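Just below is one structure, and these are the notes that go with it.
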Amino acid sequence: MPITPFPRRLALGLFALAAMVILAACSEFNKALKSTDLDFKLKTAEKFHDTGKFDKAIPLLEELVALTRGTSLSERVNYLHAKSYFGMKDYTMSGYYLNNFTRTFPTSAYAEECAFLSAYCFYKNSPNYELDQTDTRAAIDAMQLFLIRYPTSELKDSCNTLIDVLRAKLEVKEWHNAEQYHTLRNYKAAGVALESFLRNWPNSRFREDALYLAAESGFLLANGSVEELKPDRIRDAIKSCDNFAVAFPQSDRSKSVEQMASDLRGQAERITKASTP
């Protein structure tokens with residue numbers, strides 16, 4: 001079936017209509033920007049905010065923040081200002097202004113919403129686990145502070161869910177860092193990192209892998225050590241093997257860990273015999 005060509009006159013009409021709408025918005029913006037009438041300026045800014053034209057609302061609201069300071073309009077203006085940056089998805093700026101709002105207007109009807117959104121901005125800025133996790137930790141702190149301030153909030157469950165997501169990212173980050181030491185054959189650093197990981201995340205989904213790598217790292221470190229360091233490292237490696245055996249007795253890797261432990265105990269016995277007069 002042939003496709004009916006889009007009527008040229010209709011296309012031109014739609015283009016002209018769109019151009020008129022844009023020009024009208026620009027004209028309205030410029031008029032409000034030049035106006036000394038605070039009420040008109042605020043109503044225009046609210047209109048732009050409510051219709052999603054945040055890029056036009058922000059310049060008006062930034063003027064109004066200064067012009068209304070200390071007046072009854074200040075609370076509403078600062079709220080719209082912060083929310084407009086949030087609408088622009090500028091989570092760094094909106095997080096700053098939302099947090100500033102909660103400190104400036106702690107009893108405001110908007111304070112709870114702004115406190116949550118401020119924490120949510122840190123969440124949105126939290127990067128992939130391979131990158132620096134400063135914003136992730138800041139987001140967790142902000143979410144926990146929100147729960148302390150508003151323990152009965154309807155946003156409580158959402159907050160806890162976001163905290164779980166953020167903590168999972170930190171868990172993956174720490175696991176991969178520890179695993180990387182083992183991959184690079186830096187078994188001493190791997191042992192330290194894996195011990196820290198297991199202490200920080202005792203119920204981790206990576207627990208079996210971490211315990212296994214701790215045992216293997218200890219085994220390989222002990223075997224590669226000079227004679228004077230061997231006794232202590234063999235003892236630590238045996239302990240790591242035993243930790244795995246107790247935690248995961250039915251694991252597919254149990255036999256491998258048993259073989260490492262047996263080898264280490266044999267070495268320990270030989271060292272003891274050699275040192276006995």
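Please note that chains go A, B, ... in the order of the structure tokens, that every chain numbers its residues from 1, and that ligands are numbered from 1 in the order shown.
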
(request) For Phe197 (chain A), list every protein, DNA or RNA residue within 12 Å, evaluated using only C-alpha atoms, and leave out those in the same chain fewer than 6 positions away; present the list as a list in words. (result)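 In the requested format, the answer is Leu170, Glu171, Val172, Lys173, Glu174, Trp175, His176, Asn177, Ala178, Glu179, Ala190, Gly191, Asn203, Ser204, Arg205, Phe206, Arg207, Glu208, Asp209, Ala210, Leu211, Leu213 and Ala214 of chain A.
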
Quick one: residues within 7 Å of Gly218 (chain A), only C-alpha atoms, excluding same-chain residues fewer than 6 positions away - as a PyMOL selection string?
chain A and resi 187+191+233+236-237

*So what do you get for CA of Ser254 (chain A) versus CA of Trp201 (chain A), distance-wise?*
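According to the coordinates, CA of Ser254 (chain A) and CA of Trp201 (chain A) are separated by 21.8 Å.
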
Could you give me, as a VMD selection string, the residues within 9 Å of region 66-81 of chain A, counting only C-alpha atoms and dropping anything in the same chain fewer than 5 positions from it? chain A and resid 38 42 45 to 46 49 57 to 58 60 to 61 86 94 97 to 98 101 104 to 105 108 110 114

Pull N, CA and C atoms from the residues just selected and write them as a CSV table (one decimal), in the first residue's frame.
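Below is the file that was written, out.csv:
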```
chain,number,residue,atom,x,y,z
A,38,LEU,N,7.4,41.7,41.4
A,38,LEU,CA,7.7,40.4,41.9
A,38,LEU,C,6.6,39.3,41.7
A,42,LEU,N,7.2,35.9,39.8
A,42,LEU,CA,7.1,34.6,40.4
A,42,LEU,C,6.0,33.8,39.7
A,45,ALA,N,7.6,32.3,36.7
A,45,ALA,CA,8.6,31.3,37.0
A,45,ALA,C,7.8,30.0,37.4
A,46,GLU,N,6.7,30.1,38.2
A,46,GLU,CA,5.9,29.0,38.6
A,46,GLU,C,5.3,28.3,37.3
A,49,HIS,N,8.1,26.4,35.7
A,49,HIS,CA,8.4,25.2,36.5
A,49,HIS,C,7.3,24.1,36.3
A,57,ALA,N,12.7,28.8,34.0
A,57,ALA,CA,12.3,29.0,35.4
A,57,ALA,C,13.5,29.4,36.3
A,58,ILE,N,14.7,28.8,36.0
A,58,ILE,CA,15.8,29.0,36.9
A,58,ILE,C,16.4,30.4,36.9
A,60,LEU,N,14.8,33.2,36.4
A,60,LEU,CA,13.8,34.0,37.1
A,60,LEU,C,13.9,33.8,38.6
A,61,LEU,N,14.0,32.5,39.0
A,61,LEU,CA,14.0,32.1,40.4
A,61,LEU,C,15.3,32.6,41.1
A,86,PHE,N,16.5,20.1,40.1
A,86,PHE,CA,16.2,18.7,40.1
A,86,PHE,C,15.5,18.3,38.8
A,94,SER,N,21.2,20.6,42.4
A,94,SER,CA,19.9,20.4,43.1
A,94,SER,C,20.1,19.8,44.5
A,97,TYR,N,21.1,22.8,46.7
A,97,TYR,CA,20.0,23.7,47.0
A,97,TYR,C,18.9,23.0,47.8
A,98,LEU,N,18.7,21.8,47.6
A,98,LEU,CA,17.7,21.0,48.4
A,98,LEU,C,18.1,20.9,49.8
A,101,PHE,N,17.9,24.2,51.5
A,101,PHE,CA,16.5,24.5,51.8
A,101,PHE,C,16.1,23.9,53.2
A,104,THR,N,17.6,25.9,55.9
A,104,THR,CA,17.1,27.3,56.1
A,104,THR,C,15.6,27.3,56.5
A,105,PHE,N,14.9,26.3,56.1
A,105,PHE,CA,13.5,26.2,56.4
A,105,PHE,C,13.1,24.8,57.0
A,108,SER,N,9.4,23.8,57.3
A,108,SER,CA,8.6,23.9,56.1
A,108,SER,C,7.8,22.7,55.8
A,110,TYR,N,7.7,21.6,53.0
A,110,TYR,CA,8.5,21.0,51.9
A,110,TYR,C,9.7,20.4,52.4
A,114,CYS,N,12.3,17.8,50.5
A,114,CYS,CA,13.6,18.3,50.1
A,114,CYS,C,14.7,17.5,50.7
```

Test item: residues at most 10 Å from Glu258 (chain A), only C-alpha atoms, excluding those fewer than 2 positions along its chain, as a CSV table (one decimal) with N, CA and C atoms, in the first residue's frame:
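part_9.csv written:
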```csv
chain,number,residue,atom,x,y,z
A,238,ILE,N,46.6,-22.4,57.2
A,238,ILE,CA,45.8,-23.5,57.7
A,238,ILE,C,44.5,-23.0,58.3
A,241,CYS,N,42.1,-22.2,55.6
A,241,CYS,CA,41.5,-23.5,55.1
A,241,CYS,C,40.4,-24.0,56.0
A,242,ASP,N,40.7,-24.0,57.3
A,242,ASP,CA,39.7,-24.5,58.3
A,242,ASP,C,38.5,-23.6,58.3
A,244,PHE,N,37.2,-22.0,55.7
A,244,PHE,CA,36.4,-22.5,54.6
A,244,PHE,C,35.7,-23.8,54.8
A,245,ALA,N,36.4,-24.7,55.4
A,245,ALA,CA,35.8,-26.1,55.6
A,245,ALA,C,34.6,-26.0,56.6
A,253,ARG,N,34.5,-27.1,46.1
A,253,ARG,CA,35.9,-26.8,46.3
A,253,ARG,C,36.5,-27.4,47.6
A,254,SER,N,35.7,-28.1,48.3
A,254,SER,CA,36.1,-28.7,49.6
A,254,SER,C,37.4,-29.6,49.5
A,255,LYS,N,37.4,-30.4,48.4
A,255,LYS,CA,38.5,-31.3,48.2
A,255,LYS,C,39.8,-30.5,48.0
A,256,SER,N,39.7,-29.5,47.2
A,256,SER,CA,40.9,-28.6,46.9
A,256,SER,C,41.4,-28.0,48.1
A,260,MET,N,45.1,-28.6,50.1
A,260,MET,CA,46.0,-27.5,50.6
A,260,MET,C,46.3,-27.6,52.0
A,261,ALA,N,45.2,-27.8,52.8
A,261,ALA,CA,45.4,-27.9,54.3
A,261,ALA,C,46.3,-29.1,54.6
A,262,SER,N,46.2,-30.2,54.0
A,262,SER,CA,47.0,-31.4,54.2
A,262,SER,C,48.5,-31.1,53.9
A,263,ASP,N,48.7,-30.4,52.8
A,263,ASP,CA,50.0,-30.1,52.4
A,263,ASP,C,50.7,-29.1,53.4
A,264,LEU,N,49.9,-28.2,53.8
A,264,LEU,CA,50.4,-27.2,54.8
A,264,LEU,C,50.7,-27.9,56.1
```

| said: I'd like the contact shell of region 147-158 of chain A - 10 Å cut-off, only C-alpha atoms, skipping same-chain residues fewer than 4 positions apart - returned as a list of chain:residue names. | reply: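 Selected residues are A:Glu112, A:Glu113, A:Ala115, A:Phe116, A:Asp141, A:Ala142, A:Met143, A:Leu162, A:Ile163, A:Asp164.
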
Could you write out that same residue set with N, CA and C atoms as a short mmCIF file (atom, residue, chain, number, x, y, z; two decimals), in the first residue's frame?
```
data_model
loop_
_atom_site.label_atom_id
_atom_site.label_comp_id
_atom_site.auth_asym_id
_atom_site.auth_seq_id
_atom_site.Cartn_x
_atom_site.Cartn_y
_atom_site.Cartn_z
N GLU A 112 10.57 17.80 54.40
CA GLU A 112 10.75 16.36 54.30
C GLU A 112 11.04 15.95 52.86
N GLU A 113 10.26 16.47 51.94
CA GLU A 113 10.48 16.15 50.52
C GLU A 113 11.88 16.56 50.08
N ALA A 115 14.56 17.02 51.93
CA ALA A 115 15.57 16.20 52.60
C ALA A 115 15.76 14.87 51.86
N PHE A 116 14.64 14.27 51.47
CA PHE A 116 14.72 13.00 50.73
C PHE A 116 15.36 13.20 49.37
N ASP A 141 24.88 7.99 53.95
CA ASP A 141 24.83 8.85 55.14
C ASP A 141 23.59 9.75 55.11
N ALA A 142 23.31 10.32 53.92
CA ALA A 142 22.17 11.23 53.79
C ALA A 142 20.85 10.49 53.97
N MET A 143 20.76 9.27 53.43
CA MET A 143 19.54 8.47 53.57
C MET A 143 19.32 8.09 55.04
N LEU A 162 16.87 2.07 48.66
CA LEU A 162 18.01 2.76 48.04
C LEU A 162 19.31 2.50 48.81
N ILE A 163 19.22 2.46 50.13
CA ILE A 163 20.40 2.15 50.95
C ILE A 163 20.92 0.76 50.61
N ASP A 164 20.01 -0.20 50.45
CA ASP A 164 20.42 -1.57 50.10
C ASP A 164 21.14 -1.59 48.75
#
```

| task | Step one, run DSSP on the backbone; step two, keep only residues of region 166-232 of chain A assigned to helix (DSSP H, G or I); then write them as a ChimeraX atom specification. | result | /A:166-183,187-200,207-223,230-232

_When you look at Thr36 (chain A) with a cut-off of 12 Å (counting only C-alpha atoms), what residues show up, excluding the ones that are within fewer than 3 positions of it in the same chain? I need them as a PyMOL selection string._
chain A and resi 31-33+39-42+60+63-64+67

Would you pick out the contacts of Pro231 (chain A) at 9 Å or less, using only C-alpha atoms, so that residues sharing its chain but fewer than 5 positions from it are not included, and give the list as an MDAnalysis selection string?
chainID A and resid 222 236 267:268 271:272

Write the residues you've just listed into a file as a compact mmCIF listing (two decimals), in the first residue's frame, and include N, CA and C atoms for each of them.
```txt
# COMPACT_ATOMS: atom_id res chain seq x y z
N ALA A 222 52.43 -18.82 51.65
CA ALA A 222 53.27 -19.65 52.51
C ALA A 222 54.30 -20.41 51.68
N ASP A 236 48.75 -19.39 59.48
CA ASP A 236 47.64 -18.53 59.02
C ASP A 236 46.88 -19.17 57.86
N GLN A 267 53.98 -29.68 55.82
CA GLN A 267 55.12 -28.74 55.89
C GLN A 267 55.38 -28.32 57.33
N ALA A 268 54.29 -28.05 58.07
CA ALA A 268 54.43 -27.61 59.46
C ALA A 268 55.10 -28.70 60.30
N ILE A 271 58.83 -28.82 59.50
CA ILE A 271 59.55 -27.69 60.11
C ILE A 271 59.75 -27.93 61.61
N THR A 272 58.70 -28.47 62.25
CA THR A 272 58.79 -28.74 63.69
C THR A 272 59.87 -29.79 63.99
```

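In terms of minimum interatomic distance to Asp90 (chain A), A:Asn125 ranks closest within A:Ser275, A:Ala111, A:Asn125, A:Val65, counting only C-alpha atoms.
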
Report task. Figure out the distance between CA of Ala139 (chain A) and CA of Ala119 (chain A), please, to one decimal in Å. Result ->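 These two atoms are separated by 5.5 Å.
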
Quote the spacing between CA of Tyr129 (chain A) and CA of Lys169 (chain A) in Å to one decimal place.
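Value for the CA of Tyr129 (chain A)-CA of Lys169 (chain A) distance: 5.7 Å.
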